[in-house]
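Visitor: I'd like to ask some things about the structure below.
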Amino acid sequence: MITIKNIFVNGKRQDILIEENKISKIGEVKEKSDIVIDGSDMIAIPGLINTHTHIPMTLFRGVADDIPLMDWLNNHIWPLEAKLNEKIVYYGSLLGCVEMIKTGTTTFNDMYFFLESIVKAVENSGIRAFLSYGMIDLFDEEKRKKEIKNAEKYINYIKNLKNDRIYPALGPHAPYTCSKELLLDVKELAIKYNVPIHIHMNETIEEVKIIKDKTGMEPFIYLDNFKFFDGVKVVAAHCVHLTDKEIDIIKEKNISISHNPISNLKLGSGIAPIPKLLEKGINVTLGTDGCGSNNNLNLFEEIKVSAILHKGVNLNPTLVKAKDAFNFATVNGAKALGIKAGKIEEGYLADIVLINIKKPFLYPKENIYSHLVYAYNGFVDYSIINGEIVLENGKLTKIKDEEKVYEKAEEAYHDLIN
Ligand code: NI
């Protein structure tokens, strides 16, 4: 049991009791706990949920800046990815887990490969994750069979871990890299194993054009045409270039959007029509994307950018309110992934972040919920994930030697670029 005493939570000072991996009480806690955290100088917020990552790409931070997506992928990222191995991916992923924990993220939704290494980093760091194997068949039948076999193997591998922080997901990369046959196989597996699908959609004008030239339809219409979205839980990353008809499909099929404003801005891909999606009542969540195109995993930056970006481009300061942006990163993310998290309420998963408010940009402290959106740099003091303290006073608890994480990440980077 953990008791957090006298903490500012849900608008007032009270106590939080955590039993096993859940929040069991909020109010006055009289029960005796093994661990008592004094919350007097702190605020508790639900842990953030990053719905679109490629975690090993922390090692690609800064390797290829200021170039367009297709050039970036074809000439920089894909050649480097060809050199990855288990060890490199492990240390890149561990670095990513450390970065996320220290900036308040408690759950991430990832798409990549070398999943054994990513699983190990997630296990060792204490974070919660949905992990999918990124599938690309480039319309080749042999490749498709191999990719589907791999994806199913990883679902079973993760299920068999029986780790209640690690969930399998399916990650077909995008409609321009995956055949219709592969996508139909993915849908079948999603239903068979009851796992969410994580896919890139409508990120650039070029890729929308590729699909339109090939099928005569925009990507969401094309996928809906073969009923890809029916009966499955889908998190669609980016969704920058959408027609009204596609927005209707997103709404009708209950698809969640992972808004990745910083990655889209940096790669010059465009700006997703978030106010329009909100008007329709679509579930908008936030993602950083990989560190090659962001270049960090600090979701507080996405919260701020998503809150100010749409005001600026639409010349309307009332769009995407602070509360909306905060919800994108918490309760909406939980809904997209189907976990009882994103709120600090009794019965919810104990994924809680504590922030010491004695920081220059959090004062005067009266409007703290505004500061967390518009003024905060993201470094948190405590992180409790699945009822376990993984960050205590800014120090990692499960990873004993943080220095070594940096050393090994540096080594992995040199293995990669040499
Ligand atoms: Ni991505």
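All residue names refer to the structure tokens as shown: chains lettered A, B, ... in order, residues numbered from 1 in each chain, ligands numbered from 1 in order.
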For Asn393 of chain A, list every protein, DNA or RNA residue within 12 Å, evaluated using only C-alpha atoms, and leave out those in the same chain fewer than 3 positions away; present the list as a list of chain:residue names.
Guide: A:Ile37, A:Asp38, A:Gly39, A:Asp41, A:Met42, A:Lys102, A:Val353, A:Leu354, A:Ile355, A:Asn356, A:Phe379, A:Val380, A:Asp381, A:Tyr382, A:Ser383, A:Ile384, A:Ile389, A:Val390, A:Leu396, A:Thr397
Visitor: What do you get as a PyMOL selection string if you pick all residues at most 12 Å from ligand 1, counting only C-alpha atoms and all ligand atoms?
Guide: chain A and resi 50-57+69+73+77+109-112+134+171-174+198-204+235-239+258-264+267+287-294
Visitor: If we count only C-alpha atoms, what is near Glu246 of chain A at a cut-off of 10 Å, once residues fewer than 5 positions away on the same chain are taken out, given as number ranges by chain?
Guide: A: 218-222, 224, 239, 241, 251-252
Visitor: Go ahead and save the picked residues with N, CA, C and O atoms, as a CSV table (one decimal), in the first residue's frame.
Guide:
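Writing the result to result.csv gives the following:
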chain,number,residue,atom,x,y,z
A,218,GLU,N,-9.7,8.4,-51.2
A,218,GLU,CA,-8.8,8.9,-50.1
A,218,GLU,C,-8.6,7.7,-49.2
A,218,GLU,O,-9.4,6.8,-49.1
A,219,PRO,N,-7.5,7.8,-48.4
A,219,PRO,CA,-7.1,6.6,-47.6
A,219,PRO,C,-8.2,6.1,-46.7
A,219,PRO,O,-8.4,4.8,-46.7
A,220,PHE,N,-8.9,6.9,-45.9
A,220,PHE,CA,-9.9,6.4,-45.0
A,220,PHE,C,-11.1,5.8,-45.8
A,220,PHE,O,-11.7,4.8,-45.3
A,221,ILE,N,-11.4,6.4,-46.9
A,221,ILE,CA,-12.5,5.8,-47.7
A,221,ILE,C,-12.1,4.5,-48.3
A,221,ILE,O,-12.9,3.5,-48.3
A,222,TYR,N,-10.9,4.4,-48.8
A,222,TYR,CA,-10.3,3.2,-49.3
A,222,TYR,C,-10.4,2.0,-48.3
A,222,TYR,O,-10.9,0.9,-48.5
A,224,ASP,N,-12.2,1.9,-45.5
A,224,ASP,CA,-13.5,1.7,-45.1
A,224,ASP,C,-14.3,0.8,-46.1
A,224,ASP,O,-15.2,0.1,-45.8
A,239,CYS,N,-3.2,11.9,-39.3
A,239,CYS,CA,-4.5,12.4,-39.8
A,239,CYS,C,-4.4,13.9,-40.1
A,239,CYS,O,-5.2,14.7,-39.6
A,241,HIS,N,-4.2,15.4,-43.4
A,241,HIS,CA,-4.9,15.8,-44.5
A,241,HIS,C,-6.2,14.9,-44.7
A,241,HIS,O,-6.1,13.8,-45.1
A,251,LYS,N,-15.5,9.4,-37.4
A,251,LYS,CA,-16.5,9.5,-36.3
A,251,LYS,C,-17.4,8.3,-36.2
A,251,LYS,O,-17.6,7.7,-35.2
A,252,GLU,N,-17.9,7.9,-37.4
A,252,GLU,CA,-18.8,6.8,-37.5
A,252,GLU,C,-18.2,5.5,-37.0
A,252,GLU,O,-18.8,4.6,-36.3
Visitor: Name the closest residue to Asp324 of chain A among the candidates A:Tyr369, A:Tyr348, A:Trp72, A:Phe361; distances are taken between atoms, counting only C-alpha atoms.
Guide: A:Tyr369
Visitor: Using only C-alpha atoms, pick whichever of A:Asn386, A:Ser40, A:Ser256, A:Ser24 has the shortest atom-to-atom distance to Asn163 of chain A.
Guide: A:Asn386
Visitor: List as a count of residues only the protein and nucleic acid residues near Ile274 of chain A, meaning an atom at most 10 Å away when only C-alpha atoms are counted, but skip any in the same chain fewer than 6 places from it.
Guide: 13
Visitor: Which of segment 50-261 of chain A counts as strand (DSSP E) under DSSP, as a PyMOL selection string please?
Guide: chain A and resi 50-53+105-112+128-135+166-172+197-201+234-238+256-259
Visitor: Using only C-alpha atoms, which protein or nucleic acid residues come within 9 Å of Gly231 of chain A? Drop anything in the same chain fewer than 6 positions from it, and give the result as an mmCIF file with N, CA, C and O atoms, in the first residue's frame.
Guide:
data_model
loop_
_atom_site.group_PDB
_atom_site.id
_atom_site.type_symbol
_atom_site.label_atom_id
_atom_site.label_comp_id
_atom_site.auth_asym_id
_atom_site.auth_seq_id
_atom_site.Cartn_x
_atom_site.Cartn_y
_atom_site.Cartn_z
ATOM 1 N N LYS A 187 -6.808 -7.080 -39.564
ATOM 2 C CA LYS A 187 -8.132 -6.939 -38.953
ATOM 3 C C LYS A 187 -8.572 -8.274 -38.336
ATOM 4 O O LYS A 187 -9.088 -8.303 -37.213
ATOM 5 N N ILE A 191 -9.289 -8.975 -34.242
ATOM 6 C CA ILE A 191 -10.526 -9.525 -33.689
ATOM 7 C C ILE A 191 -10.225 -10.820 -32.927
ATOM 8 O O ILE A 191 -10.682 -11.004 -31.796
ATOM 9 N N LYS A 253 -16.894 5.277 -37.274
ATOM 10 C CA LYS A 253 -16.226 4.020 -36.911
ATOM 11 C C LYS A 253 -15.507 4.120 -35.572
ATOM 12 O O LYS A 253 -14.736 3.216 -35.215
#
Visitor: My list of candidates is A:Leu242, A:Val232, A:Ile23, A:Ala412. Which is closest to Gly338 of chain A when distances are computed with only C-alpha atoms?
Guide: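 When distances to Gly338 of chain A are compared using only C-alpha atoms, the smallest one comes from A:Val232.
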Visitor: If we count only C-alpha atoms, what is near Pro360 of chain A at a cut-off of 12 Å, once residues fewer than 6 positions away on the same chain are taken out, given as a ChimeraX atom specification?
Guide: /A:371,375-377
Visitor: Please measure the separation of atom CA of Cys178 of chain A and atom CA of Ile211 of chain A, giving the value in Å to one decimal.
Guide: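 Between these atoms lies a distance of 11.0 Å.
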Visitor: What does the distance from atom CA of Glu407 of chain A to atom CA of Ile385 of chain A come to in Å, to one decimal?
Guide: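 Taking atom CA of Glu407 of chain A and atom CA of Ile385 of chain A, their separation equals 25.5 Å.
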Visitor: Using only C-alpha atoms, pick whichever of A:Arg61, A:Lys120, A:Lys359, A:Lys22 has the shortest atom-to-atom distance to Asn296 of chain A.
Guide: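 Looking only at the distances to Asn296 of chain A, the closest residue turns out to be A:Arg61.
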Visitor: Taking the DSSP secondary structure from the backbone, can you list the residues of segment 75-278 of chain A that are alpha helix (DSSP H), as a PyMOL selection string?
Guide: chain A and resi 78-81+86-102+115-125+141-161+180-193+205-215+219-225+244-252+261-266+274-278
Visitor: Separation of atom CA of Val9 of chain A and atom CA of Val29 of chain A, in Å?
Guide: 13.9 Å
Visitor: Need the shell around Ala409 of chain A: protein/DNA/RNA residues with any atom at most 10 Å away, counting only C-alpha atoms. Skip same-chain ones fewer than 3 positions apart. Format as a ChimeraX atom specification?
Guide: /A:58-59,87-96,404-406,412-415
Visitor: Find, counting only C-alpha atoms, the residue in A:Ala272, A:Ile249, A:Leu138, A:Val98 that gets nearest to Tyr176 of chain A.
Guide: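 Going through A:Ala272, A:Ile249, A:Leu138, A:Val98 one by one, the smallest distance to Tyr176 of chain A is for A:Leu138.
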Visitor: Using only C-alpha atoms, pick whichever of A:Ile344, A:Val373, A:Leu161, A:Leu299 has the shortest atom-to-atom distance to Ile18 of chain A.
Guide: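 Nearest to Ile18 of chain A: A:Ile344.
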